[in-house]
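What follows is one structure encoded as structure tokens, with my remarks underneath.
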Amino acid sequence: MAKNQLTPKTVDMSKWYTQVIYQSCLADYAPVKGCMVIRPNGYEIWENIHDALDPLLKNLGIRNAYFPIFIPLSLLNKEAKHIEGFSPELAIVTHGGGEELKEKLAIRPTSETVMYTMYSKWVHSYRDLPLLLNQWNNVVRWEKRTYFFLRTTEFLWQEAHTAHATHEEAWQMVLDGLSAYKNMVENYLAIPVISGKKSAHETFAGATLTTTIEALMPDGKALQAGTSHDLGQNFSQKTAFDIAFQDQKGNTAYAWQTSFGLSTRIIGALIMTHGDDDGLVLPPRIAPIQVAILPAQESEVVTHVCEKLAEDLKKSGIRIAYLSDLTHSLGWRLNEAEIQGTPLTVVIGERELAAKKLTAKIRHNRTEETVNIENADRTIQRILETIQEDMYKKALKNMKELTTEVQTFEEFEQVMKSKRGFIKAFWCEQESCETAIKRETKATTRCLPFINERGAVSEEKGVCIKCGKECTHRWLFAQAY
RNA sequence: CGGGAUGUAGCUCAGAUGGCUAGAGCGCACGCUUUGGGAGCGUGAGGCCGUGGGUUCAAGUCCCACCAUCCCGACCA
């Protein structure tokens with residue numbers, strides 16, 4: 001009874017979303033416009049994302065480093081499209097130490113320019129390549145409108161920046177980075193994604209090509225979950241950052257570069273994808289607490305069994321919370337675990353001890369299982385794995401149900417007016433059609449899906465749904481977050 | 001930056017046509033009784049009624065300005 005009344009997810013997802021975040025203490029608005037405080041419950045999710053993704057990046061040979069938060073404006077100006085893309089959303093420091101600065105400093109909206117200034121100093125020979133660095137940091141983009149996790153003025157992310165001797169090698173890194181994201185998002189966050197390349201219009205400011213992983217939210221809007229860019233030689237050329245080196249033949253060459261990032265935005269996707277009308281639901285591999293253990297009564301035997309289980313689970317590397325405060329009723333504690341999105345809650349009381357079974361409550365599908373007390377830790381581990389799989393399957397099923405292939409613009413409009421979701425449609429790749437579709441339906445191109453890990457796309461014969469011109473690519477459209 | 005709305009207790013909100021000591025529910029603290037789905041009763045703490053100005057004998061209430069926040073658009077990860 002009287003649990004905090006959440007707006008049902010299907011009624012108003014945006015209200016639901018904000019309420020879940022407050023209820024679960026993930027974040028709060030900060031006393032700075034557009035900024036949020038990430039509270040421990042939210043930050044621990046981010047730490048787990050870090051712990052899952054960081055080794056995947058290290059496997060690609062990427063090492064972590066740290067570059068300054070301040071970027072002299074002159075550096076940002078070196079790549080024309082880059083500055084053009086970011087200047088409207090820069091925060092700029094004009095004073096320091098009580099004096100007006102001779103050169104104003106931007107707070108980084110992304111670190112290409114500071115990092116590549118250094119890359120230019122460090123790269124002289126083909127032997128210095130590849131240079132593969134990443135940083136976990138904060139960036140600031142002065143957006144007009146903000147939304148918890150999805151769009152805040154300051155956000156946390158990881159940005160990897162690599163420089164290579166050849167374009168082939170760089171392109172492989174673009175794909176490897178994207179695969180690392182897909183791997184992490186699907187296997188840890190249990191969110192299915194579509195990877196592909198962005199249209200010219202949606203390409204990152206300063207890149208020659210942008211690849212993306214796109215997730216679909218239950219309300220039928222798409223969320224860009226991570227991007228990986230082929231920067232070509234746009235930043236390395238002599239007129240920009242001059243990342244030049246001598247190749248094996250002694251000729252001067254310019255580095256081929258990539259950059260890729262994944263932000264705290266993904267936590268928004270996590271909340272929306274799995275949450276339900278009772279609040280947050282987290283997949284086990286990312287949940288700060290994987291198992292909550294609740295004693296139903298205060299008795300020596302019950303306490304003993306609980307503590308033993310807690311110990312065993314900890315030994316198996318499972319993150320547990322022992323909710324033993326009996327001044328809170330069992331119901332209160334069950335709700336508490338539920339609100340935190342804890343994947344599995346184990347209740348142990350006299351009833352359980354008499355039957356030599358534990359009651360295991362599974363959050364995401366609201367079911368209950370009884371588990372032998374003997375070797376319960378192993379059974380629980382298995383259940384957690386099943387939960388992880390089931391949550392992914394459920395999300396995948398939802399994504400498929402919300403994906404429609406259309407042949408005509410009328411069908412396209414129809415889908416956008418009803419269920420939205422991903423729409424697969426032929427597009428001639430001209431910006432005029434892309435803009436017109438967006439204006440008339442709110443849908444934008446999300447990507448041209450890859451059909452394999454090497455970034456291949458399928459070629460088919462068709463006609464553009466907007467202009468009717470013959471074309472060969474079926475693009476993925478959706479209204480974007 | 002355009003359109004709409006809202007600022008009263010920690011939270012959600014009520015305070016109609018101005019009127020006496022500003023209220024409720026939830027939450028919080030304490031006590032007793034409870035403990036298998038947010039328990040019950042009692043007591044209590046907690047308010048520059050967003051800010052500034054104006055009208056008036058009298059303003060939470062009316063007028064003006066400002067500030068802040070939220071929602072919807074355009075910009076964006």
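All residue names refer to the structure tokens as shown: chains lettered A, B, ... in order, residues numbered from 1 in each chain, ligands numbered from 1 in order.
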Selection: 9 Å around Pro284 of chain A, only C-alpha atoms (C1' of nucleotides), excl. self and same-chain fewer than 4 positions, as a ChimeraX atom specification: /A:188-189,288-291,342-344,384-385,387-388
Exercise answer, chain A residues close to chain B, 10 Å and only C-alpha atoms (C1' of nucleotides), as an MDAnalysis selection string: chainID A and resid 1:4 33 85:86 88:89 141:145 150:152 155 157 223:227 261:266 296:298 326:336 347:351 481
Spatial neighbours of G47 of chain B, max dist 9 Å, only C-alpha atoms (C1' of nucleotides), sep filter under 2 positions, as a ChimeraX atom specification: /B:8-9,22,49
Counting only C-alpha atoms, the residue of A:Lys417, A:Arg366, A:His50, A:Lys361 that sits nearest Val185 of chain A: A:His50
Contacts of segment 104-107 of chain A at 8 Å (only C-alpha atoms (C1' of nucleotides); same-chain gap of 5+ positions) as a PDB file with C-alpha atoms, in the first residue's frame:
```pdb
ATOM      1  CA  ILE A  69      39.512  21.016 -18.766  1.00  0.00           C
ATOM      2  CA  PHE A  70      40.411  24.428 -20.267  1.00  0.00           C
ATOM      3  CA  ILE A  71      40.888  24.918 -23.956  1.00  0.00           C
ATOM      4  CA  PRO A  72      42.306  28.183 -25.327  1.00  0.00           C
ATOM      5  CA  LEU A  73      39.897  29.441 -27.963  1.00  0.00           C
ATOM      6  CA  LEU A  90      30.565  26.756 -25.238  1.00  0.00           C
ATOM      7  CA  ALA A  91      31.039  27.949 -21.684  1.00  0.00           C
ATOM      8  CA  ILE A  92      33.904  30.416 -21.660  1.00  0.00           C
ATOM      9  CA  VAL A  93      36.143  31.540 -18.823  1.00  0.00           C
ATOM     10  CA  THR A  94      37.078  35.196 -19.145  1.00  0.00           C
ATOM     11  CA  HIS A  95      38.704  35.862 -15.769  1.00  0.00           C
ATOM     12  CA  VAL A 139      32.574  17.978 -20.465  1.00  0.00           C
ATOM     13  CA  VAL A 140      30.320  21.005 -20.678  1.00  0.00           C
TER      14      VAL A 140
END
```
Long-range neighbours of Lys469 of chain A as a count of residues only, 9 Å cut-off, only C-alpha atoms (C1' of nucleotides), 4 positions minimum in chain: 6
Strand (DSSP E or B) residues, from DSSP on the backbone, in segment 422-473 of chain A, as a list in words: Phe422, Ile423, Lys424, Ala425, Phe426, Thr444, Thr445, Arg446, Cys447, Leu448, Pro449, Gly462, Val463, Glu470 and Cys471 of chain A
Contact residues around C64 of chain B with only C-alpha atoms (C1' of nucleotides) at 12 Å, ignoring same-chain residues under 6 positions, as a PyMOL selection string: chain B and resi 52-55
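When the distance limit is 9 Å and only C-alpha atoms (C1' of nucleotides) are what count, the residues near Val281 of chain A, minus those fewer than 6 positions from it on the same chain, are Leu270, Ile271, Thr273, His274, Gly275, Ala287, Glu338, Ile339, Gln340, Gly341, Thr342, Pro343, Arg363 and His364 of chain A.
Computed from the coordinates, the atom CA of Leu309 of chain A to atom CA of Asn48 of chain A distance equals 23.3 Å.
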All alpha helix (DSSP H) residues (DSSP, backbone) inside segment 121-247 of chain A, as a PyMOL selection string: chain A and resi 121-122+167-187
Of the listed residues A:Ile451, A:Val302, A:Ala253, A:Ala425, that which approaches Ala478 of chain A most closely, counting only C-alpha atoms: A:Ala425
Mind running segment 217-297 of chain A against segment 109-127 of chain A at 12 Å and telling me each contacting residue's nearest atom pair with the distance in Å (one decimal), counting only C-alpha atoms, chain and number ascending, as CSV?
```
residue,atom,partner,partner_atom,distance
A:His229,CA,A:Glu112,CA,11.5
A:Leu231,CA,A:Glu112,CA,10.1
A:Gln233,CA,A:Tyr116,CA,11.7
A:Asn234,CA,A:Glu112,CA,11.1
A:Phe235,CA,A:Tyr116,CA,7.6
A:Ser236,CA,A:Tyr116,CA,7.8
A:Gln237,CA,A:Ser120,CA,10.2
A:Lys238,CA,A:Ser120,CA,10.0
A:Ala240,CA,A:Thr117,CA,9.3
A:Phe241,CA,A:Thr117,CA,5.9
A:Asp242,CA,A:Ser120,CA,5.9
A:Ile243,CA,A:Ser120,CA,4.3
A:Ala244,CA,A:His124,CA,6.3
A:Phe245,CA,A:His124,CA,4.3
A:Gln246,CA,A:Ser125,CA,4.9
A:Asp247,CA,A:Tyr126,CA,5.2
A:Gln248,CA,A:Tyr126,CA,6.9
A:Lys249,CA,A:Tyr126,CA,10.0
A:Gly250,CA,A:Ser125,CA,9.1
A:Asn251,CA,A:Ser125,CA,10.1
A:Thr252,CA,A:Ser125,CA,9.1
A:Ala253,CA,A:Tyr126,CA,8.9
A:Tyr254,CA,A:Val123,CA,9.7
A:Ala255,CA,A:Val123,CA,8.7
A:Trp256,CA,A:Tyr126,CA,11.6
A:Gln257,CA,A:Tyr116,CA,9.8
A:Thr258,CA,A:Glu112,CA,9.7
A:Ser259,CA,A:Glu112,CA,7.9
A:Phe260,CA,A:Glu112,CA,10.4
A:Gly261,CA,A:Thr110,CA,9.4
A:Leu262,CA,A:Thr110,CA,11.7
A:Ser263,CA,A:Thr110,CA,11.5
```
Restricting it to C-alpha atoms, dump the selection as a compact mmCIF listing (two decimals), in the first residue's frame.
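Contents of part29.txt, as written:
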```
# COMPACT_ATOMS: atom_id res chain seq x y z
CA HIS A 229 34.15 8.81 -35.44
CA LEU A 231 38.25 11.85 -38.28
CA GLN A 233 43.08 13.71 -41.53
CA ASN A 234 40.84 16.68 -40.74
CA PHE A 235 42.60 17.41 -37.48
CA SER A 236 46.07 16.14 -38.34
CA GLN A 237 46.62 18.15 -41.50
CA LYS A 238 49.25 20.88 -41.49
CA ALA A 240 45.04 22.19 -38.26
CA PHE A 241 47.05 20.36 -35.59
CA ASP A 242 49.87 19.20 -37.81
CA ILE A 243 50.22 15.66 -36.54
CA ALA A 244 52.93 14.77 -39.01
CA PHE A 245 55.34 11.87 -39.02
CA GLN A 246 57.94 10.30 -41.24
CA ASP A 247 56.82 7.01 -42.70
CA GLN A 248 59.06 4.01 -43.39
CA LYS A 249 60.18 5.52 -46.66
CA GLY A 250 61.12 8.81 -45.08
CA ASN A 251 58.17 10.73 -46.51
CA THR A 252 56.11 13.14 -44.45
CA ALA A 253 52.66 11.78 -43.71
CA TYR A 254 49.76 12.89 -41.58
CA ALA A 255 48.08 10.73 -38.97
CA TRP A 256 44.69 9.15 -39.50
CA GLN A 257 42.54 9.69 -36.46
CA THR A 258 39.49 8.45 -34.63
CA SER A 259 37.58 9.47 -31.55
CA PHE A 260 34.77 7.78 -29.70
CA GLY A 261 32.76 8.47 -26.59
CA LEU A 262 30.08 7.07 -24.34
CA SER A 263 28.43 9.20 -21.70
```
Atom CA of Tyr29 of chain A to atom C1' of U12 of chain B, distance in Å rounded to a single decimal: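 Computing it gives 17.8 Å between the two atoms.
Note that atom CA of Thr162 of chain A and atom CA of Ser87 of chain A are 23.7 Å apart.
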